[in-house]
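To start, the structure under review is shown below, and the notes come after it.
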Amino acid sequence: MRGRAARRGGREWAPEGMTPPNGFSMLPWLLMGMGAVSHFLQGKTANPWITGLGLLAFNALYTAVVFRAFHRRTREAPLTWWLLAAMAAITLGLSIAYGGPYLLYFPLLGLAAGSITRGRLLPRVVFPLCVTAAVVAGIRDGWGAINVAYGTFISAMVTAAIFALSETVRELRRTRQELARAAVEQERLRFSRDLHDLLGHTLSVIVVKSEAARRLAPCDVDAALAQVADIESVGRQALAEIREAVTGYREGSLATELDRARDALSSAGIEPVVRQSGPPLEPPTEALLSWVVRESATNAVRHSGATRCEIEIGGTLERVRLTVTDNGRGSAQGPPGSGLKGLRERVASAGGTLVSGPAPRGGFRVTAELPVEAHAAQSREPTG
């Protein structure tokens, strides 16, 4: 809940159950300036009003800068750099005027600079600041005081490193969230597409066989019962395939799909002609081709009105080609947004191509070409 609230408030993301980092974590470092405040309260300054205003202004500017450091938009705004420049001017004035405890405002200035500076800009800001601290400390309190420059360097660099590391961690967490959301979306699309391909084919076969059983029942009860038995078998097979699709482990068998295509086409009164040649195929390639055979045969049964459908598989050692051609009305592609679009995405994601359209001599043709070794993940995973 806190992480979501932080995002709504424009803060950078924090882990669940943790308070988002903010400027309050930088305020305790102001205690480094208590020596200068004590010096002021004891009346040891020559111009107490100017010194008091300077201390008050420095603390106010420091607070403003470190709070702006936790938001990228405000951190990179010109106003933030003007505030830092004002802090540098006050630090320089107080340190030159009084030295001693006032020199510790240089490390505080380093903290503020490190909190808003990133990348290549960091050394351009920190090194001049350290040199200035060393010169002022050496002039005011002798060269033994130049350890103030070391403290300024350490405070600036360590603060910048912590901020950069924290932002990197937050970016990694954001990326992990995006990847998780993308994985969920991919799985949802895979399941939706698999159900379309599975149920479209199965229901078409059931409809065709049911019509055949109805026609045969008055004159040939045994043949009608055979069709009913086939419907039962197809239904059981569909249940098994849907379970496999839900778990994401379904792999298509090309030989099984060719047999089913022959049966579905024959039941619809379409003469099936299957020709297969070429070298043996890898399981991922077979799985993809089985989807193409299933969808093409289903579309031929449902849309084409054909009397003949030819399925030809051949290829070389590098690529395999599947061609499904019917002599129907040329509308086997089905309505817009049907399974051929999903198939085209699957085949393209595996490095292949799928082309569908009217055949040269009439009818409709689907041609798929794939590399012999298609990636296994592509046979199941959608591309969007």
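In the structure tokens, chains take letters A, B, ... by order of appearance, with residues numbered from 1 within each chain and ligands from 1 in the order shown.
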
Show me, as a PyMOL selection string, the residues that have an atom within 6 Å of range 206-216 of chain A when counting only C-alpha atoms, minus same-chain residues fewer than 3 positions from it. chain A and resi 203+219-220+224+227+231+268

Which residues are close to range 90-105 of chain A, i.e. within 12 Å by only C-alpha atoms, leaving aside same-chain residues fewer than 6 positions away? Reply as number ranges by chain. A: 29-40, 44-48, 50-62, 83-84, 111-112, 129-130, 132-142, 144-152, 155

Store the residues picked out above, limited to C-alpha atoms, as a JSON list (two decimals), in the first residue's frame.
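Result file part-v6.json:
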[["chain", "number", "residue", "atom", "x", "y", "z"],
["A", 29, "TRP", "CA", 23.57, 15.80, 9.11],
["A", 30, "LEU", "CA", 22.81, 19.42, 9.98],
["A", 31, "LEU", "CA", 24.16, 18.58, 13.44],
["A", 32, "MET", "CA", 27.62, 18.98, 11.87],
["A", 33, "GLY", "CA", 26.97, 22.71, 11.98],
["A", 34, "MET", "CA", 26.12, 22.83, 15.67],
["A", 35, "GLY", "CA", 29.64, 24.03, 16.48],
["A", 36, "ALA", "CA", 29.08, 27.12, 14.36],
["A", 37, "VAL", "CA", 25.64, 27.66, 15.93],
["A", 38, "SER", "CA", 27.17, 27.39, 19.41],
["A", 39, "HIS", "CA", 29.87, 29.86, 18.38],
["A", 40, "PHE", "CA", 27.17, 32.27, 17.24],
["A", 44, "LYS", "CA", 31.81, 35.27, 19.41],
["A", 45, "THR", "CA", 30.94, 36.71, 16.00],
["A", 46, "ALA", "CA", 31.65, 40.27, 14.94],
["A", 47, "ASN", "CA", 28.39, 40.71, 13.01],
["A", 48, "PRO", "CA", 25.80, 38.62, 14.85],
["A", 50, "ILE", "CA", 24.51, 38.91, 9.45],
["A", 51, "THR", "CA", 25.93, 35.66, 10.82],
["A", 52, "GLY", "CA", 22.57, 34.59, 12.24],
["A", 53, "LEU", "CA", 20.81, 35.28, 8.95],
["A", 54, "GLY", "CA", 23.55, 33.39, 7.12],
["A", 55, "LEU", "CA", 23.18, 30.31, 9.35],
["A", 56, "LEU", "CA", 19.41, 30.41, 9.06],
["A", 57, "ALA", "CA", 19.59, 30.79, 5.28],
["A", 58, "PHE", "CA", 22.10, 27.95, 4.94],
["A", 59, "ASN", "CA", 19.92, 25.53, 6.92],
["A", 60, "ALA", "CA", 16.83, 26.52, 4.96],
["A", 61, "LEU", "CA", 18.61, 26.14, 1.62],
["A", 62, "TYR", "CA", 20.11, 22.79, 2.64],
["A", 83, "LEU", "CA", 19.73, 27.11, -4.36],
["A", 84, "LEU", "CA", 22.97, 25.10, -4.28],
["A", 111, "LEU", "CA", 26.28, 16.36, 0.98],
["A", 112, "ALA", "CA", 23.82, 18.64, -0.76],
["A", 129, "LEU", "CA", 34.30, 22.44, -4.29],
["A", 130, "CYS", "CA", 37.05, 20.40, -2.59],
["A", 132, "THR", "CA", 37.92, 25.72, -2.63],
["A", 133, "ALA", "CA", 37.46, 24.07, 0.79],
["A", 134, "ALA", "CA", 41.19, 23.26, 0.98],
["A", 135, "VAL", "CA", 42.26, 26.79, 0.06],
["A", 136, "VAL", "CA", 39.85, 28.50, 2.48],
["A", 137, "ALA", "CA", 40.71, 26.07, 5.31],
["A", 138, "GLY", "CA", 44.44, 26.55, 4.70],
["A", 139, "ILE", "CA", 44.16, 30.34, 4.71],
["A", 140, "ARG", "CA", 41.92, 30.57, 7.79],
["A", 141, "ASP", "CA", 43.23, 27.81, 10.08],
["A", 142, "GLY", "CA", 46.49, 26.68, 8.54],
["A", 144, "GLY", "CA", 46.43, 21.34, 9.01],
["A", 145, "ALA", "CA", 42.76, 22.18, 8.48],
["A", 146, "ILE", "CA", 42.68, 21.00, 4.87],
["A", 147, "ASN", "CA", 41.20, 17.71, 6.09],
["A", 148, "VAL", "CA", 37.97, 19.67, 5.65],
["A", 149, "ALA", "CA", 38.51, 19.21, 1.90],
["A", 150, "TYR", "CA", 38.82, 15.45, 2.41],
["A", 151, "GLY", "CA", 35.59, 15.44, 4.42],
["A", 152, "THR", "CA", 33.89, 17.44, 1.68],
["A", 155, "SER", "CA", 30.54, 13.37, 1.89]]

If we count only C-alpha atoms, what is near Arg262 in chain A at a cut-off of 9 Å, once residues fewer than 5 positions away on the same chain are taken out, given as a short mmCIF file (atom, residue, chain, number, x, y, z; two decimals) with N, CA and C atoms, in the first residue's frame?
data_model
loop_
_atom_site.label_atom_id
_atom_site.label_comp_id
_atom_site.auth_asym_id
_atom_site.auth_seq_id
_atom_site.Cartn_x
_atom_site.Cartn_y
_atom_site.Cartn_z
N GLU A 257 -2.15 -34.34 -36.45
CA GLU A 257 -2.96 -33.25 -37.00
C GLU A 257 -3.33 -33.53 -38.45
N SER A 267 -15.28 -35.91 -43.63
CA SER A 267 -16.62 -35.82 -43.05
C SER A 267 -17.40 -34.67 -43.65
N ILE A 270 -15.15 -33.15 -48.39
CA ILE A 270 -14.00 -32.57 -49.10
C ILE A 270 -12.94 -33.65 -49.23
N GLU A 271 -12.48 -33.89 -50.46
CA GLU A 271 -11.46 -34.91 -50.68
C GLU A 271 -10.10 -34.41 -50.18
N PRO A 272 -9.50 -35.11 -49.20
CA PRO A 272 -8.18 -34.69 -48.72
C PRO A 272 -7.06 -35.35 -49.52
N VAL A 273 -6.07 -34.58 -49.87
CA VAL A 273 -4.88 -35.08 -50.55
C VAL A 273 -3.67 -34.59 -49.76
N VAL A 274 -2.89 -35.52 -49.20
CA VAL A 274 -1.76 -35.17 -48.34
C VAL A 274 -0.49 -35.70 -48.96
N ALA A 297 -7.34 -26.42 -42.27
CA ALA A 297 -8.37 -27.43 -42.50
C ALA A 297 -9.71 -26.98 -41.92
#

Give the strand (DSSP E or B) residues of range 201-348 of chain A, as DSSP finds them on the backbone, and put them as number ranges by chain. A: 271-276, 308-315, 319-326

Those same residues - N, CA and C atoms - I'd like them written as a short mmCIF file (atom, residue, chain, number, x, y, z; two decimals), in the first residue's frame.
data_model
loop_
_atom_site.label_atom_id
_atom_site.label_comp_id
_atom_site.auth_asym_id
_atom_site.auth_seq_id
_atom_site.Cartn_x
_atom_site.Cartn_y
_atom_site.Cartn_z
N GLU A 271 -12.48 -33.89 -50.46
CA GLU A 271 -11.46 -34.91 -50.68
C GLU A 271 -10.10 -34.41 -50.18
N PRO A 272 -9.50 -35.11 -49.20
CA PRO A 272 -8.18 -34.69 -48.72
C PRO A 272 -7.06 -35.35 -49.52
N VAL A 273 -6.07 -34.58 -49.87
CA VAL A 273 -4.88 -35.08 -50.55
C VAL A 273 -3.67 -34.59 -49.76
N VAL A 274 -2.89 -35.52 -49.20
CA VAL A 274 -1.76 -35.17 -48.34
C VAL A 274 -0.49 -35.70 -48.96
N ARG A 275 0.49 -34.82 -49.15
CA ARG A 275 1.80 -35.21 -49.66
C ARG A 275 2.85 -34.70 -48.67
N GLN A 276 3.73 -35.57 -48.26
CA GLN A 276 4.76 -35.18 -47.29
C GLN A 276 6.11 -35.73 -47.72
N ARG A 308 -12.20 -30.34 -52.77
CA ARG A 308 -10.87 -30.95 -52.72
C ARG A 308 -9.93 -30.02 -51.96
N CYS A 309 -9.10 -30.60 -51.13
CA CYS A 309 -8.11 -29.82 -50.36
C CYS A 309 -6.80 -30.58 -50.36
N GLU A 310 -5.75 -29.90 -50.83
CA GLU A 310 -4.42 -30.51 -50.91
C GLU A 310 -3.52 -29.93 -49.82
N ILE A 311 -2.88 -30.82 -49.08
CA ILE A 311 -1.91 -30.43 -48.04
C ILE A 311 -0.56 -31.00 -48.44
N GLU A 312 0.40 -30.14 -48.68
CA GLU A 312 1.72 -30.57 -49.15
C GLU A 312 2.80 -30.04 -48.23
N ILE A 313 3.66 -30.94 -47.77
CA ILE A 313 4.77 -30.58 -46.88
C ILE A 313 6.07 -31.03 -47.52
N GLY A 314 7.00 -30.14 -47.64
CA GLY A 314 8.31 -30.46 -48.21
C GLY A 314 9.31 -29.42 -47.80
N GLY A 315 10.56 -29.64 -48.14
CA GLY A 315 11.56 -28.66 -47.78
C GLY A 315 12.96 -29.19 -47.95
N ARG A 319 15.05 -25.17 -44.53
CA ARG A 319 13.70 -24.64 -44.41
C ARG A 319 12.67 -25.67 -44.83
N VAL A 320 11.47 -25.58 -44.24
CA VAL A 320 10.37 -26.46 -44.57
C VAL A 320 9.19 -25.60 -45.02
N ARG A 321 8.43 -26.13 -46.01
CA ARG A 321 7.28 -25.38 -46.53
C ARG A 321 6.04 -26.25 -46.41
N LEU A 322 4.95 -25.62 -45.95
CA LEU A 322 3.64 -26.26 -45.88
C LEU A 322 2.69 -25.45 -46.74
N THR A 323 1.99 -26.14 -47.65
CA THR A 323 1.01 -25.48 -48.52
C THR A 323 -0.33 -26.19 -48.39
N VAL A 324 -1.37 -25.44 -48.09
CA VAL A 324 -2.73 -25.98 -48.02
C VAL A 324 -3.56 -25.24 -49.06
N THR A 325 -4.07 -25.97 -50.05
CA THR A 325 -4.81 -25.36 -51.16
C THR A 325 -6.15 -26.06 -51.31
N ASP A 326 -7.23 -25.28 -51.39
CA ASP A 326 -8.55 -25.86 -51.68
C ASP A 326 -9.09 -25.25 -52.97
#

Can you list, as number ranges by chain, all residues belonging to range 230-352 of chain A that DSSP tags as alpha helix (DSSP H)? A: 230-247, 254-267, 283-299, 339-349

What does the file look like for those residues with C-alpha atoms, as an mmCIF file, in the first residue's frame?
data_model
loop_
_atom_site.group_PDB
_atom_site.id
_atom_site.type_symbol
_atom_site.label_atom_id
_atom_site.label_comp_id
_atom_site.auth_asym_id
_atom_site.auth_seq_id
_atom_site.Cartn_x
_atom_site.Cartn_y
_atom_site.Cartn_z
ATOM 1 C CA ASP A 230 -16.291 -40.093 -33.544
ATOM 2 C CA ILE A 231 -18.007 -37.074 -31.964
ATOM 3 C CA GLU A 232 -17.418 -38.570 -28.527
ATOM 4 C CA SER A 233 -13.775 -39.227 -29.365
ATOM 5 C CA VAL A 234 -13.290 -35.699 -30.702
ATOM 6 C CA GLY A 235 -14.895 -34.245 -27.575
ATOM 7 C CA ARG A 236 -12.642 -36.232 -25.251
ATOM 8 C CA GLN A 237 -9.586 -35.239 -27.238
ATOM 9 C CA ALA A 238 -10.670 -31.585 -27.078
ATOM 10 C CA LEU A 239 -10.976 -31.773 -23.279
ATOM 11 C CA ALA A 240 -7.438 -33.171 -23.033
ATOM 12 C CA GLU A 241 -6.049 -30.490 -25.343
ATOM 13 C CA ILE A 242 -7.767 -27.693 -23.421
ATOM 14 C CA ARG A 243 -6.227 -28.988 -20.185
ATOM 15 C CA GLU A 244 -2.826 -28.972 -21.874
ATOM 16 C CA ALA A 245 -3.421 -25.450 -23.186
ATOM 17 C CA VAL A 246 -4.320 -24.249 -19.674
ATOM 18 C CA THR A 247 -1.057 -25.587 -18.269
ATOM 19 C CA LEU A 254 2.071 -33.017 -37.198
ATOM 20 C CA ALA A 255 1.185 -36.634 -38.021
ATOM 21 C CA THR A 256 -1.770 -36.563 -35.609
ATOM 22 C CA GLU A 257 -2.965 -33.253 -37.000
ATOM 23 C CA LEU A 258 -2.753 -34.520 -40.572
ATOM 24 C CA ASP A 259 -4.905 -37.515 -39.627
ATOM 25 C CA ARG A 260 -7.441 -35.238 -37.980
ATOM 26 C CA ALA A 261 -7.458 -32.958 -41.011
ATOM 27 C CA ARG A 262 -8.136 -35.937 -43.318
ATOM 28 C CA ASP A 263 -10.996 -37.039 -41.086
ATOM 29 C CA ALA A 264 -12.528 -33.572 -40.787
ATOM 30 C CA LEU A 265 -12.271 -32.868 -44.494
ATOM 31 C CA SER A 266 -13.713 -36.272 -45.445
ATOM 32 C CA SER A 267 -16.621 -35.823 -43.048
ATOM 33 C CA PRO A 283 9.320 -30.966 -32.440
ATOM 34 C CA PRO A 284 9.029 -27.136 -32.300
ATOM 35 C CA THR A 285 8.733 -26.961 -36.092
ATOM 36 C CA GLU A 286 6.189 -29.783 -36.134
ATOM 37 C CA ALA A 287 4.178 -27.996 -33.440
ATOM 38 C CA LEU A 288 3.969 -24.808 -35.478
ATOM 39 C CA LEU A 289 3.061 -26.629 -38.688
ATOM 40 C CA SER A 290 0.398 -28.597 -36.848
ATOM 41 C CA TRP A 291 -1.275 -25.326 -35.862
ATOM 42 C CA VAL A 292 -1.233 -24.209 -39.512
ATOM 43 C CA VAL A 293 -2.715 -27.524 -40.687
ATOM 44 C CA ARG A 294 -5.421 -27.373 -38.022
ATOM 45 C CA GLU A 295 -6.466 -23.792 -38.777
ATOM 46 C CA SER A 296 -6.327 -24.222 -42.563
ATOM 47 C CA ALA A 297 -8.374 -27.431 -42.499
ATOM 48 C CA THR A 298 -10.905 -25.874 -40.115
ATOM 49 C CA ASN A 299 -11.309 -22.841 -42.371
ATOM 50 C CA GLY A 339 -6.923 -17.494 -36.458
ATOM 51 C CA LEU A 340 -4.755 -16.835 -39.520
ATOM 52 C CA LYS A 341 -3.607 -13.557 -37.985
ATOM 53 C CA GLY A 342 -2.487 -15.343 -34.819
ATOM 54 C CA LEU A 343 -0.788 -18.018 -36.897
ATOM 55 C CA ARG A 344 1.054 -15.373 -38.881
ATOM 56 C CA GLU A 345 2.407 -13.943 -35.608
ATOM 57 C CA ARG A 346 3.476 -17.368 -34.360
ATOM 58 C CA VAL A 347 5.288 -18.228 -37.575
ATOM 59 C CA ALA A 348 6.944 -14.793 -37.775
ATOM 60 C CA SER A 349 8.174 -15.090 -34.177
#

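Taking CA of Ala368 in chain A and CA of Ser356 in chain A as endpoints, the distance between them is 8.6 Å.
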
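Coordinates place CA of Leu165 in chain A at a distance of 21.1 Å from CA of Phe127 in chain A.
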
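Put simply, CA of Pro358 in chain A is 14.1 Å away from CA of Gly305 in chain A.
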
Which of these residues is nearest to Val158 in chain A, using only C-alpha atoms: A:Ala183, A:Val126, A:Val301, A:Ala64? A:Val126

Extract, using only C-alpha atoms, all DNA, RNA and protein residues at most 10 Å from Arg329 in chain A, discarding same-chain residues fewer than 5 positions from it, and format them as a list in words. Ala300, His303, Ser304, Gly305, Ala306, Pro358, Gly362, Gly363 and Phe364 of chain A

Same residues, N, CA and C atoms, saved as an mmCIF file, in the first residue's frame:
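Once written, part.cif looks like this:
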data_model
loop_
_atom_site.group_PDB
_atom_site.id
_atom_site.type_symbol
_atom_site.label_atom_id
_atom_site.label_comp_id
_atom_site.auth_asym_id
_atom_site.auth_seq_id
_atom_site.Cartn_x
_atom_site.Cartn_y
_atom_site.Cartn_z
ATOM 1 N N ALA A 300 -11.185 -24.451 -44.204
ATOM 2 C CA ALA A 300 -11.683 -25.076 -45.429
ATOM 3 C C ALA A 300 -13.046 -25.715 -45.184
ATOM 4 N N HIS A 303 -15.631 -22.489 -44.288
ATOM 5 C CA HIS A 303 -15.850 -21.327 -45.149
ATOM 6 C C HIS A 303 -15.736 -21.587 -46.644
ATOM 7 N N SER A 304 -15.008 -22.632 -47.053
ATOM 8 C CA SER A 304 -14.591 -22.669 -48.457
ATOM 9 C C SER A 304 -15.663 -23.200 -49.410
ATOM 10 N N GLY A 305 -16.455 -24.186 -48.977
ATOM 11 C CA GLY A 305 -17.362 -24.854 -49.908
ATOM 12 C C GLY A 305 -16.619 -25.656 -50.955
ATOM 13 N N ALA A 306 -15.405 -26.112 -50.607
ATOM 14 C CA ALA A 306 -14.559 -26.814 -51.573
ATOM 15 C C ALA A 306 -14.948 -28.285 -51.668
ATOM 16 N N PRO A 358 -5.969 -15.911 -52.452
ATOM 17 C CA PRO A 358 -6.497 -16.713 -53.561
ATOM 18 C C PRO A 358 -5.380 -17.488 -54.261
ATOM 19 N N GLY A 362 -7.665 -20.549 -58.798
ATOM 20 C CA GLY A 362 -8.920 -20.508 -58.076
ATOM 21 C C GLY A 362 -8.808 -21.176 -56.724
ATOM 22 N N GLY A 363 -9.765 -20.900 -55.878
ATOM 23 C CA GLY A 363 -9.716 -21.446 -54.540
ATOM 24 C C GLY A 363 -8.878 -20.576 -53.615
ATOM 25 N N PHE A 364 -8.393 -21.189 -52.542
ATOM 26 C CA PHE A 364 -7.645 -20.442 -51.529
ATOM 27 C C PHE A 364 -6.408 -21.239 -51.138
#
